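S.K.: So I've got this file, protein.cif, and it contains mmCIF, C-alpha atoms:
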data_my_file
#
loop_
_atom_site.label_atom_id
_atom_site.label_comp_id
_atom_site.auth_asym_id
_atom_site.auth_seq_id
_atom_site.Cartn_x
_atom_site.Cartn_y
_atom_site.Cartn_z
CA MET A 13 -78.22 -25.75 -42.98
CA THR A 14 -74.53 -26.44 -42.70
CA GLU A 15 -73.56 -22.77 -42.83
CA PRO A 16 -75.43 -21.68 -39.65
CA LYS A 17 -73.94 -24.73 -37.85
CA LYS A 18 -70.43 -23.71 -38.95
CA ARG A 19 -71.06 -20.16 -37.81
CA ASN A 20 -72.28 -21.38 -34.39
CA SER A 21 -69.28 -23.67 -33.86
CA THR A 22 -66.85 -20.95 -34.92
CA SER A 23 -68.45 -18.44 -32.55
CA LEU A 24 -68.36 -20.99 -29.73
CA MET A 25 -64.70 -21.69 -30.40
CA LEU A 26 -63.89 -17.99 -30.42
CA LEU A 27 -65.80 -17.48 -27.18
CA LEU A 28 -63.89 -20.32 -25.53
CA LEU A 29 -60.59 -18.92 -26.73
CA TYR A 30 -61.55 -15.51 -25.43
CA ALA A 31 -62.46 -16.99 -22.04
CA LEU A 32 -59.20 -18.94 -21.95
CA LEU A 33 -57.17 -15.81 -22.63
CA ILE A 34 -59.02 -13.85 -19.95
CA ALA A 35 -58.44 -16.68 -17.45
CA SER A 36 -54.74 -16.77 -18.35
CA LEU A 37 -54.43 -13.05 -17.78
CA LEU A 38 -56.12 -13.38 -14.37
CA VAL A 39 -53.84 -16.25 -13.35
CA LEU A 40 -50.81 -14.24 -14.47
CA THR A 41 -51.91 -11.24 -12.39
CA LEU A 42 -52.56 -13.36 -9.30
CA ALA A 43 -49.23 -15.18 -9.66
CA GLY A 44 -47.36 -11.90 -10.03
CA ALA A 45 -49.04 -10.39 -6.99
CA ARG A 46 -48.37 -13.53 -4.93
CA LEU A 47 -44.68 -13.63 -5.85
CA TYR A 48 -44.26 -9.93 -5.04
CA SER A 49 -45.98 -10.45 -1.71
CA ASP A 50 -43.68 -13.40 -0.88
CA THR A 51 -40.56 -11.37 -1.69
CA MET A 52 -41.74 -8.52 0.52
CA ASP A 53 -42.48 -10.95 3.38
CA ALA A 54 -38.97 -12.39 3.07
CA ARG A 55 -37.46 -8.90 3.11
CA ASP A 56 -39.48 -7.98 6.22
CA ALA A 57 -38.36 -11.17 7.97
CA HIS A 58 -34.68 -10.36 7.31
CA ALA A 59 -35.15 -6.77 8.44
CA LYS A 60 -36.81 -8.03 11.63
CA GLN A 61 -33.92 -10.39 12.26
CA ARG A 62 -31.42 -7.57 11.78
CA SER A 63 -33.45 -5.22 13.94
CA ALA A 64 -34.16 -7.55 16.81
CA LEU A 65 -30.94 -9.49 17.15
CA SER A 66 -28.16 -7.41 15.71
CA TYR A 67 -29.43 -4.23 17.39
CA ILE A 68 -29.10 -5.87 20.79
CA GLN A 69 -25.69 -7.30 19.85
CA SER A 70 -24.44 -3.88 18.72
CA GLN A 71 -25.82 -2.13 21.80
CA THR A 72 -24.17 -4.74 24.01
CA ALA A 73 -20.83 -4.13 22.32
CA ALA A 74 -21.25 -0.39 22.85
CA CYS A 75 -22.34 -0.49 26.49
CA GLY A 76 -18.80 -0.42 27.88
CA GLY A 77 -18.60 -3.61 29.88
CA LYS A 78 -20.54 -6.61 31.13
CA GLY A 79 -21.13 -4.84 34.42
CA ASN A 80 -23.43 -2.51 32.52
CA ILE A 81 -25.74 -5.31 31.41
CA ARG A 82 -28.58 -6.57 33.56
CA LEU A 83 -31.93 -8.28 33.14
CA ILE A 84 -35.08 -7.10 34.87
CA ASP A 85 -38.74 -8.02 34.58
CA GLY A 86 -40.41 -6.27 31.67
CA PRO A 87 -44.13 -5.93 31.01
CA GLU A 88 -44.23 -9.18 28.98
CA GLY A 89 -41.10 -11.09 29.91
CA PRO A 90 -37.49 -10.10 30.51
CA ALA A 91 -36.10 -6.68 29.71
CA VAL A 92 -32.47 -6.27 28.71
CA CYS A 93 -30.98 -3.15 30.33
CA LEU A 94 -27.78 -1.67 28.92
CA ARG A 95 -26.41 1.16 31.01
CA GLU A 96 -24.62 4.09 29.42
CA PRO A 97 -20.99 4.21 30.60
CA GLU A 98 -20.47 6.66 33.46
CA SER A 99 -24.10 7.65 33.45
CA ASP A 100 -27.36 7.07 35.28
CA PHE A 101 -29.24 6.30 32.11
CA GLU A 102 -29.84 3.00 30.45
CA THR A 103 -31.37 1.55 27.29
CA ARG A 104 -34.09 -0.99 28.01
CA ILE A 105 -35.18 -3.49 25.38
CA TYR A 106 -38.32 -5.55 25.95
CA LEU A 107 -41.40 -7.03 24.37
CA TYR A 108 -44.68 -5.17 24.63
CA GLU A 109 -47.88 -5.66 22.64
CA ASN A 110 -46.32 -7.90 19.95
CA ALA A 111 -43.42 -5.55 19.29
CA LEU A 112 -39.85 -5.23 20.46
CA ARG A 113 -39.45 -1.82 22.04
CA THR A 114 -36.55 0.26 23.25
CA GLU A 115 -36.77 2.77 26.07
CA PHE A 116 -34.10 5.19 27.24
CA SER A 117 -34.59 6.24 30.83
CA ARG A 118 -32.97 6.63 34.22
CA VAL A 119 -31.74 3.49 35.93
CA THR A 120 -34.03 4.11 38.88
CA ALA A 121 -37.16 4.83 36.81
CA GLU A 122 -39.93 2.27 36.34
CA ILE A 123 -40.44 0.71 32.92
CA ASP A 124 -42.90 2.82 30.93
CA PRO A 125 -43.87 1.32 27.56
CA ASN A 126 -45.51 4.61 26.57
CA ASN A 127 -42.04 6.15 26.39
CA ALA A 128 -40.65 3.30 24.32
CA GLU A 129 -39.91 3.32 20.59
CA LYS A 130 -40.96 0.35 18.49
CA LEU A 131 -38.07 -1.56 16.90
CA CYS A 132 -39.89 -4.31 15.03
CA ASP A 133 -42.90 -6.64 15.26
CA LEU A 134 -42.19 -9.65 17.42
CA LYS A 135 -44.27 -12.34 19.08
CA THR A 136 -41.84 -13.87 21.59
CA PHE A 137 -38.73 -12.54 23.29
CA LYS A 138 -36.50 -14.28 25.85
CA ALA A 139 -33.16 -13.29 27.31
CA GLU A 140 -30.69 -15.07 29.59
CA LEU A 141 -27.51 -13.73 31.11
CA SER A 142 -24.91 -16.36 31.99
CA GLU A 143 -22.29 -16.07 34.71
CA SER A 144 -19.59 -15.44 32.12
CA GLY A 145 -21.57 -12.44 30.84
CA LEU A 146 -22.89 -14.02 27.65
CA LEU A 147 -26.34 -12.63 26.86
CA THR A 148 -28.46 -15.13 24.91
CA ILE A 149 -31.50 -13.67 23.17
CA THR A 150 -34.29 -15.66 21.56
CA ALA A 151 -36.72 -13.73 19.37
CA ASP A 152 -39.45 -15.61 17.46
CA GLY A 153 -37.36 -18.77 17.50
CA MET A 154 -34.14 -17.06 16.31
CA THR A 155 -31.34 -17.19 18.86
CA ALA A 156 -28.32 -14.93 19.09
CA GLY A 157 -25.55 -14.36 21.60
CA ALA A 158 -24.09 -11.04 22.67
CA TYR A 159 -21.02 -10.58 24.82
CA CYS A 160 -19.16 -7.62 26.20
CA ASP A 161 -15.81 -8.04 27.89
CA GLY A 162 -15.56 -7.21 31.55
CA GLY A 163 -15.84 -3.85 33.11
CA GLY A 164 -18.46 -1.22 33.66
CA ALA A 165 -20.18 -0.12 36.83
CA ALA A 166 -22.48 -2.74 38.31
CA MET B 23 -65.72 -11.89 -44.08
CA SER B 24 -67.24 -9.55 -41.56
CA ARG B 25 -69.19 -12.49 -40.04
CA ASN B 26 -66.00 -14.39 -39.16
CA ARG B 27 -63.78 -11.47 -38.18
CA PHE B 28 -62.00 -12.15 -34.91
CA ARG B 29 -62.31 -9.01 -32.81
CA ILE B 30 -59.26 -8.76 -30.60
CA GLY B 31 -59.59 -5.08 -29.81
CA SER B 32 -60.99 -5.39 -26.26
CA ILE B 33 -58.84 -8.33 -25.23
CA ALA B 34 -55.75 -6.66 -26.66
CA VAL B 35 -56.39 -3.65 -24.42
CA LEU B 36 -56.94 -5.91 -21.41
CA PHE B 37 -53.82 -7.89 -22.30
CA ALA B 38 -51.74 -4.73 -22.54
CA VAL B 39 -52.96 -3.46 -19.15
CA VAL B 40 -52.45 -6.77 -17.37
CA VAL B 41 -49.01 -7.36 -18.84
CA LEU B 42 -48.01 -3.82 -17.85
CA CYS B 43 -49.20 -4.40 -14.25
CA VAL B 44 -47.46 -7.74 -13.99
CA ALA B 45 -44.28 -6.31 -15.51
CA ILE B 46 -44.35 -3.57 -12.85
CA PHE B 47 -44.80 -6.26 -10.16
CA GLY B 48 -41.81 -8.07 -11.63
CA VAL B 49 -39.61 -5.00 -11.62
CA LEU B 50 -40.63 -4.16 -8.04
CA THR B 51 -39.95 -7.74 -6.94
CA VAL B 52 -36.48 -7.76 -8.47
CA SER B 53 -35.76 -4.33 -7.00
CA SER B 54 -36.86 -5.45 -3.50
CA ALA B 55 -34.82 -8.63 -3.71
CA VAL B 56 -31.72 -6.74 -4.86
CA SER B 57 -32.05 -4.20 -2.05
CA ASP B 58 -32.49 -7.02 0.47
CA ARG B 59 -29.33 -8.71 -0.76
CA ARG B 60 -27.42 -5.43 -0.70
CA ALA B 61 -28.55 -4.80 2.88
CA ALA B 62 -27.35 -8.28 3.86
CA GLU B 63 -23.97 -7.69 2.16
CA ARG B 64 -23.52 -4.34 3.89
CA TYR B 65 -24.38 -5.89 7.25
CA GLY B 66 -21.81 -8.61 6.57
CA GLU B 67 -19.15 -5.99 5.83
CA HIS B 68 -20.06 -4.11 9.03
CA VAL B 69 -19.72 -7.30 11.11
CA GLU B 70 -16.30 -8.02 9.56
CA VAL B 71 -15.08 -4.53 10.46
CA LEU B 72 -16.53 -4.86 13.97
CA TYR B 73 -14.69 -8.11 14.59
CA ALA B 74 -11.47 -6.78 13.08
CA CYS B 75 -11.70 -4.12 15.78
CA GLU B 76 -12.51 -6.62 18.54
CA ASN B 77 -9.73 -8.97 17.43
CA ALA B 78 -7.22 -6.12 17.51
CA GLY B 79 -8.49 -5.41 21.03
CA GLN B 80 -7.83 -9.00 22.09
CA ASP B 81 -4.31 -8.80 20.60
CA TRP B 82 -3.71 -5.59 22.55
CA LEU B 83 -5.06 -7.24 25.72
CA SER B 84 -2.60 -10.12 25.47
CA GLU B 85 0.30 -7.65 24.93
CA ALA B 86 -0.90 -5.49 27.83
CA ASP B 87 -1.16 -8.52 30.12
CA ALA B 88 2.37 -9.55 29.14
CA TYR B 89 3.60 -5.98 29.87
CA LEU B 90 1.92 -5.88 33.28
CA LYS B 91 3.51 -9.21 34.22
CA GLY B 92 6.90 -8.04 33.01
CA ALA B 93 7.00 -10.39 30.04
CA GLY B 94 6.75 -7.80 27.27
CA ASP B 95 6.95 -4.16 26.21
CA LEU B 96 4.24 -1.55 26.48
CA PRO B 97 1.90 -2.11 23.51
CA GLU B 98 1.76 0.55 20.80
CA ASN B 99 -0.78 3.34 21.01
CA THR B 100 -1.23 2.85 24.78
CA GLU B 101 -1.74 5.55 27.39
CA GLU B 102 -0.36 4.56 30.76
CA THR B 103 -1.11 6.17 34.10
CA GLU B 104 -0.34 5.02 37.60
CA THR B 105 -3.46 2.91 37.79
CA THR B 106 -4.67 2.40 34.25
CA LEU B 107 -3.78 1.39 30.73
CA LYS B 108 -5.89 2.82 27.94
CA THR B 109 -6.05 2.46 24.22
CA GLU B 110 -8.28 3.34 21.28
CA ILE B 111 -8.32 1.00 18.32
CA THR B 112 -9.85 2.09 15.03
CA ARG B 113 -10.75 -0.17 12.15
CA GLY B 114 -12.82 1.24 9.33
CA ASN B 115 -15.67 3.21 10.88
CA MET B 116 -15.57 1.31 14.21
CA GLN B 117 -13.73 2.43 17.32
CA LEU B 118 -12.88 0.31 20.35
CA GLU B 119 -12.02 1.98 23.66
CA ILE B 120 -10.34 -0.22 26.25
CA CYS B 121 -9.40 0.77 29.76
CA LEU B 122 -7.64 -1.61 32.14
CA ASN B 123 -7.19 -1.09 35.87
CA LYS B 124 -3.81 -2.29 37.10
CA ILE B 125 -4.19 -4.71 40.00
CA ASN B 126 -1.15 -6.34 41.59
CA GLY B 127 0.74 -6.94 38.36
CA SER B 128 -2.41 -8.00 36.55
CA TYR B 129 -5.47 -6.22 35.19
CA GLU B 130 -9.20 -5.76 35.51
CA ILE B 131 -11.14 -4.58 32.45
CA ALA B 132 -12.74 -1.28 33.43
CA LYS B 133 -14.10 -0.43 30.00
CA TRP B 134 -14.55 -2.26 26.70
CA ARG B 135 -16.63 -0.22 24.32
CA CYS B 136 -17.00 -0.70 20.60
CA THR B 137 -18.93 2.03 18.80
CA ALA B 138 -19.23 3.48 15.33
CA ARG B 139 -17.18 6.60 14.72
CA TRP B 140 -19.31 9.56 13.97
CA GLN B 141 -17.97 12.08 11.48
CA PRO B 142 -19.76 15.43 11.70
CA ASP B 143 -20.83 16.85 8.36
CA ASP B 144 -19.59 20.44 8.18
CA SER B 145 -20.43 20.92 4.53
CA LEU B 146 -23.51 22.99 5.29
CA ASN B 147 -22.92 26.34 6.96
CA LEU B 148 -25.64 26.27 9.57
CA GLY B 149 -23.97 28.78 11.87
CA MET C 28 -66.39 -22.01 -60.96
CA ILE C 29 -68.52 -20.10 -58.56
CA ASP C 30 -67.86 -22.90 -56.03
CA TYR C 31 -64.11 -22.48 -56.49
CA GLU C 32 -64.39 -18.75 -55.96
CA GLU C 33 -66.47 -19.26 -52.86
CA LYS C 34 -64.04 -21.82 -51.47
CA ARG C 35 -61.05 -19.57 -52.12
CA SER C 36 -62.70 -16.62 -50.42
CA GLU C 37 -63.70 -18.87 -47.49
CA THR C 38 -60.10 -20.01 -47.10
CA ARG C 39 -58.89 -16.45 -47.29
CA HIS C 40 -61.42 -15.48 -44.61
CA ARG C 41 -60.23 -18.24 -42.27
CA MET C 42 -56.62 -17.29 -42.76
CA GLY C 43 -57.65 -13.66 -42.40
CA PHE C 44 -58.77 -14.00 -38.80
CA MET C 45 -56.37 -16.79 -37.77
CA THR C 46 -53.22 -14.79 -38.42
CA PRO C 47 -53.84 -11.95 -35.95
CA LEU C 48 -55.08 -14.51 -33.46
CA LEU C 49 -51.88 -16.53 -33.76
CA VAL C 50 -49.77 -13.40 -33.51
CA PHE C 51 -51.70 -12.38 -30.40
CA VAL C 52 -51.25 -15.80 -28.76
CA LEU C 53 -47.54 -15.84 -29.59
CA ALA C 54 -47.10 -12.35 -28.17
CA PHE C 55 -48.93 -13.44 -25.02
CA VAL C 56 -46.72 -16.51 -24.58
CA ALA C 57 -43.58 -14.44 -25.16
CA CYS C 58 -44.63 -11.85 -22.56
CA CYS C 59 -45.46 -14.58 -20.04
CA GLY C 60 -42.05 -16.14 -20.63
CA VAL C 61 -40.21 -12.87 -20.06
CA ILE C 62 -42.22 -12.09 -16.92
CA ALA C 63 -41.64 -15.60 -15.56
CA CYS C 64 -37.87 -15.15 -16.06
CA VAL C 65 -37.99 -11.85 -14.18
CA PHE C 66 -39.83 -13.41 -11.23
CA LEU C 67 -37.49 -16.40 -11.20
CA ARG C 68 -34.48 -14.07 -11.05
CA ALA C 69 -36.10 -12.20 -8.15
CA ALA C 70 -36.69 -15.49 -6.30
CA VAL C 71 -33.05 -16.52 -6.74
CA ILE C 72 -31.79 -13.15 -5.46
CA SER C 73 -34.19 -13.30 -2.50
CA ASP C 74 -32.90 -16.78 -1.60
CA GLU C 75 -29.31 -15.53 -1.74
CA ALA C 76 -30.21 -12.66 0.60
CA ALA C 77 -31.90 -15.06 3.03
CA ARG C 78 -28.88 -17.36 3.09
CA GLU C 79 -26.45 -14.50 3.57
CA SER C 80 -28.50 -12.99 6.41
CA ALA C 81 -28.73 -16.35 8.14
CA GLY C 82 -25.02 -17.06 7.67
CA ILE C 83 -24.03 -13.70 9.15
CA ALA C 84 -26.37 -14.11 12.13
CA LEU C 85 -25.13 -17.64 12.88
CA CYS C 86 -21.46 -16.68 12.56
CA ARG C 87 -21.90 -13.61 14.74
CA SER C 88 -23.66 -15.57 17.49
CA ALA C 89 -20.97 -18.23 17.46
CA ALA C 90 -18.30 -15.50 17.56
CA GLU C 91 -19.93 -13.91 20.61
CA GLU C 92 -19.92 -17.27 22.38
CA PHE C 93 -16.26 -17.71 21.41
CA ARG C 94 -15.42 -14.32 22.93
CA ALA C 95 -17.30 -15.25 26.09
CA GLY C 96 -14.85 -18.11 26.57
CA GLU C 97 -17.06 -20.92 25.22
CA ILE C 98 -14.44 -22.09 22.79
CA PRO C 99 -15.42 -25.19 20.77
CA GLU C 100 -13.12 -28.00 19.66
CA ASN C 101 -11.18 -27.47 16.42
CA GLY C 102 -13.40 -28.48 13.48
CA GLU C 103 -16.55 -28.72 15.58
CA LYS C 104 -19.79 -28.31 13.66
CA ALA C 105 -23.16 -27.02 14.79
CA TYR C 106 -26.35 -27.59 12.80
CA PHE C 107 -29.34 -25.30 12.33
CA THR C 108 -32.72 -25.39 10.62
CA LYS C 109 -33.88 -22.88 8.04
CA ASP C 110 -35.28 -20.77 10.91
CA MET C 111 -31.83 -20.81 12.56
CA ALA C 112 -32.94 -23.03 15.44
CA SER C 113 -30.46 -25.62 16.68
CA CYS C 114 -31.11 -29.13 15.36
CA ALA C 115 -29.64 -32.52 14.51
CA GLU C 116 -27.49 -33.09 11.44
CA ALA C 117 -30.26 -34.87 9.57
CA ASP C 118 -32.63 -31.87 9.77
CA ALA C 119 -30.02 -29.20 9.11
CA TYR C 120 -30.38 -26.49 6.48
CA TYR C 121 -27.28 -24.59 7.64
CA TYR C 122 -24.23 -25.58 9.61
CA ILE C 123 -21.25 -23.71 11.01
CA GLU C 124 -17.75 -25.05 11.38
CA THR C 125 -15.18 -23.55 13.72
CA GLU C 126 -11.43 -23.90 13.18
CA VAL C 127 -9.57 -23.08 16.38
CA THR C 128 -5.87 -22.41 16.89
CA ALA C 129 -4.26 -21.45 20.17
CA ALA C 130 -1.09 -19.40 20.58
CA GLU C 131 0.27 -19.92 24.10
CA THR C 132 2.19 -17.06 25.65
CA GLU C 133 3.94 -16.71 29.00
CA THR C 134 0.95 -15.05 30.52
CA GLY C 135 -1.99 -16.77 28.83
CA ALA C 136 -3.36 -18.11 25.55
CA LEU C 137 -4.67 -16.23 22.53
CA TYR C 138 -7.30 -18.37 20.82
CA ALA C 139 -8.04 -17.63 17.16
CA GLY C 140 -11.15 -18.98 15.52
CA LYS C 141 -12.43 -19.01 11.97
CA ILE C 142 -16.18 -19.55 11.94
CA THR C 143 -17.65 -20.49 8.57
CA ALA C 144 -21.32 -20.91 7.72
CA TYR C 145 -22.42 -23.35 5.02
CA THR C 146 -25.67 -24.54 3.47
CA ALA C 147 -26.12 -28.15 4.53
CA GLY C 148 -27.30 -29.57 1.23
CA GLN C 149 -24.63 -28.19 -1.10
CA ASP C 150 -21.83 -27.53 1.46
CA LYS C 151 -21.58 -24.08 -0.06
CA GLU C 152 -19.82 -21.41 2.00
CA ILE C 153 -22.07 -18.49 2.84
CA TYR C 154 -20.03 -16.37 5.25
CA ALA C 155 -16.85 -16.56 7.30
CA LEU C 156 -15.75 -14.61 10.37
CA ASN C 157 -12.45 -14.45 12.23
CA VAL C 158 -12.56 -14.03 16.00
CA ARG C 159 -9.98 -13.99 18.77
CA CYS C 160 -10.17 -14.45 22.51
CA TYR C 161 -7.41 -13.93 25.02
CA GLN C 162 -7.55 -16.00 28.17
CA PRO C 163 -5.00 -15.17 30.85
CA LYS C 164 -3.47 -18.01 32.83
CA GLU C 165 -5.34 -19.13 35.93
CA GLY C 166 -4.80 -17.05 39.00
CA THR C 167 -5.25 -13.78 37.12
CA PRO C 168 -8.53 -11.92 36.38
#
Go ahead and render the structure in this file as structure tokens.
M.R.:
Amino acid sequence: MTEPKKRNSTSLMLLLLYALLIASLLVLTLAGARLYSDTMDARDAHAKQRSALSYIQSQTAACGGKGNIRLIDGPEGPAVCLREPESDFETRIYLYENALRTEFSRVTAEIDPNNAEKLCDLKTFKAELSESGLLTITADGMTAGAYCDGGGAA
Amino acid sequence: MSRNRFRIGSIAVLFAVVVLCVAIFGVLTVSSAVSDRRAAERYGEHVEVLYACENAGQDWLSEADAYLKGAGDLPENTEETETTLKTEITRGNMQLEICLNKINGSYEIAKWRCTARWQPDDSLNLG
Amino acid sequence: MIDYEEKRSETRHRMGFMTPLLVFVLAFVACCGVIACVFLRAAVISDEAARESAGIALCRSAAEEFRAGEIPENGEKAYFTKDMASCAEADAYYYIETEVTAAETETGALYAGKITAYTAGQDKEIYALNVRCYQPKEGTP
């Protein structure tokens, strides 16, 4: 009588151990996937920050003068326009359909988001141009300043 | 003996597969984090070079202003015409072009443009 | 004697299946430990990258404001949250400190600034940037 009982308890113990090991493996897999996903999200956030803010800062530095910077109304908020030096073309940066987009077109042309290239995903975008020529950009809560010394055709 | 044998064959296979997958996740995670950090470091180096260029431009501007007001010599590496003063400052791979218009012994900044220098790659004979 | 034989074989049977089980569990624990170390290392590197990115962005913005003529007082600090939004000192995750020196000339003043970004908790330097701004004397453009 005792032998069948021993066999049953041993089998039960083995089954429990088996289940515990399977559960541990599942938890390990889920944890690994979650950590990888978090690292990728962090990397995307940094890339977005570099794309959205530093791109505008670099373009501002390359535009040739604060006279080449202006703000106009974009499809979903302000559009930053950076005119090419000694040219009738400008780079326009604005928010459209949850993405920051850049469009290169003539100064006199209307904004056309269909011609724009997507820079990065973004929910909010604001820009202000002060009297001193300091351009303040706010993208998804992150704020950055961009300044170009005087000059450039108005 | 055969009644109490612990069969670990199936779970060992599962264990091996899962550990392999999680190890691959781990390697990918480390690789992504390292590339993110490297990108941040390279951006930091680029910003340092950019500001080295801009700072040299400000130094030149103060010397040019002193020259125009008769309080100093013509700065180095400066092109002077009747109406303008121009210079090109290079630091690393960044280039700053400055053009000043002379106005009554003072200046107006006509151009201040900081761009990356582009080196054409002639190694391939595409002619 | 038969009982002794049976007991010995029983013991051998128990030890027979326990050993590979123990080895398996130990191998599992060792693998989990190694994998956990790898993920921890990745998390540390990712944090460093986040701090460096934030430090560079904050320093660059402050430098642009400096160049625009908005020159802060020497030693002035500005505080920011983890999302790089401006905040009070108590809520700060990062802060930047600006050291300003001015070299007066006959025709104007050349301001030199060193902008340094720190993590608020440990006061650890993340990034530093030098910036200059020339301001001619009043009455000139």
S.K.: Specify as a list in words each residue included when the PyMOL selection byres ((chain A) within 7 of (chain B)) is applied to this file.
M.R.: Leu37, Thr41, Gly44, Ala45, Tyr48, Thr51, Arg55, Ala73, Ala74, Cys75, Gly76, Gly77, Asp161, Gly162, Gly163 and Gly164 of chain A
S.K.: On this file, the PyMOL selection byres ((chain C) within 8 of (chain A)) gives some set of residues; write that set as an NGL selection string.
M.R.: :C and (59 or 66 or 69-70 or 73 or 77 or 80 or 84-85 or 87-89 or 91-92 or 94-96 or 110-112)
S.K.: Give me, as a PyMOL selection string, the contact residues of chain C against chain B at a cut-off of 9 Å, counting all atoms listed in the file.
M.R.: chain C and resi 36-37+39-41+43-45+47-48+51+55+58-59+61-63+65-66+68-77+79-80+83+87+90+132-137+139+154-163+167-168
S.K.: Within 7 Å of Leu134 of chain A, counting all atoms listed in the file, which residues show up once you throw out same-chain ones fewer than 4 positions away? Write them as a PyMOL selection string, please.
M.R.: chain A and resi 110-112+152
S.K.: Set the distance at 9 Å and use all atoms listed in the file: which residues neighbour Phe116 of chain A once local chain neighbours fewer than 4 positions away are removed? I'd like the list as a list in words.
M.R.: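 Returned residues: Phe101, Glu102, Thr103, Arg104, Ile105, Asn127 and Ala128 of chain A.
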S.K.: Determine the residue membership of the PyMOL selection byres ((chain A and resi 115) around 12) for the file above and supply it as a PyMOL selection string.
M.R.: chain A and resi 86+91-95+101-108+112-114+116-119+121-131
S.K.: Given 5 Å on each side, where is the centre and what are the edge lengths in Å to one decimal of the axis-aligned box enclosing the listed atoms of segment 54-63 of chain C, as JSON?
M.R.:
{"center_x": -44.6, "center_y": -14.2, "center_z": -21.9, "size_x": 18.7, "size_y": 14.7, "size_z": 22.6}
S.K.: In Å, with one decimal, what is the gap from atom CA of Ser49 of chain A to atom CA of Leu67 of chain C?
M.R.: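 Going from atom CA of Ser49 of chain A over to atom CA of Leu67 of chain C, I get 14.1 Å.
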S.K.: Hey, can you check how far atom CA of Arg78 of chain C sits from atom CA of Ala105 of chain C?
M.R.: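 Interatomic distance, atom CA of Arg78 of chain C to atom CA of Ala105 of chain C: 16.2 Å.
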S.K.: Any chance you could model N, CA and C atoms for segment 89-103 of chain A and send them as an mmCIF file, keeping the file's coordinate frame?
M.R.:
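Just written: out-v6.cif:
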data_model
loop_
_atom_site.group_PDB
_atom_site.id
_atom_site.type_symbol
_atom_site.label_atom_id
_atom_site.label_comp_id
_atom_site.auth_asym_id
_atom_site.auth_seq_id
_atom_site.Cartn_x
_atom_site.Cartn_y
_atom_site.Cartn_z
ATOM 1 N N GLY A 89 -42.295 -10.257 29.958
ATOM 2 C CA GLY A 89 -41.100 -11.090 29.910
ATOM 3 C C GLY A 89 -39.890 -10.283 30.341
ATOM 4 N N PRO A 90 -38.692 -10.801 30.037
ATOM 5 C CA PRO A 90 -37.490 -10.100 30.510
ATOM 6 C C PRO A 90 -37.227 -8.829 29.719
ATOM 7 N N ALA A 91 -36.538 -7.907 30.370
ATOM 8 C CA ALA A 91 -36.100 -6.680 29.710
ATOM 9 C C ALA A 91 -34.582 -6.615 29.832
ATOM 10 N N VAL A 92 -33.929 -6.394 28.715
ATOM 11 C CA VAL A 92 -32.470 -6.270 28.710
ATOM 12 C C VAL A 92 -32.137 -4.807 28.960
ATOM 13 N N CYS A 93 -31.340 -4.535 29.992
ATOM 14 C CA CYS A 93 -30.980 -3.150 30.330
ATOM 15 C C CYS A 93 -29.502 -2.947 30.083
ATOM 16 N N LEU A 94 -29.169 -1.960 29.275
ATOM 17 C CA LEU A 94 -27.780 -1.670 28.920
ATOM 18 C C LEU A 94 -27.480 -0.247 29.379
ATOM 19 N N ARG A 95 -26.674 -0.145 30.397
ATOM 20 C CA ARG A 95 -26.410 1.160 31.010
ATOM 21 C C ARG A 95 -25.379 1.923 30.209
ATOM 22 N N GLU A 96 -25.611 3.235 30.076
ATOM 23 C CA GLU A 96 -24.620 4.090 29.420
ATOM 24 C C GLU A 96 -23.394 4.191 30.320
ATOM 25 N N PRO A 97 -22.181 4.115 29.756
ATOM 26 C CA PRO A 97 -20.990 4.210 30.600
ATOM 27 C C PRO A 97 -20.943 5.538 31.352
ATOM 28 N N GLU A 98 -20.609 5.477 32.603
ATOM 29 C CA GLU A 98 -20.470 6.660 33.460
ATOM 30 C C GLU A 98 -21.718 7.542 33.402
ATOM 31 N N SER A 99 -22.854 6.892 33.545
ATOM 32 C CA SER A 99 -24.100 7.650 33.450
ATOM 33 C C SER A 99 -25.176 6.952 34.268
ATOM 34 N N ASP A 100 -26.233 7.677 34.570
ATOM 35 C CA ASP A 100 -27.360 7.070 35.280
ATOM 36 C C ASP A 100 -28.490 6.682 34.356
ATOM 37 N N PHE A 101 -28.212 6.651 33.085
ATOM 38 C CA PHE A 101 -29.240 6.300 32.110
ATOM 39 C C PHE A 101 -28.948 4.956 31.484
ATOM 40 N N GLU A 102 -30.012 4.288 31.090
ATOM 41 C CA GLU A 102 -29.840 3.000 30.450
ATOM 42 C C GLU A 102 -30.857 2.822 29.326
ATOM 43 N N THR A 103 -30.472 1.916 28.392
ATOM 44 C CA THR A 103 -31.370 1.550 27.290
ATOM 45 C C THR A 103 -32.031 0.228 27.668
#
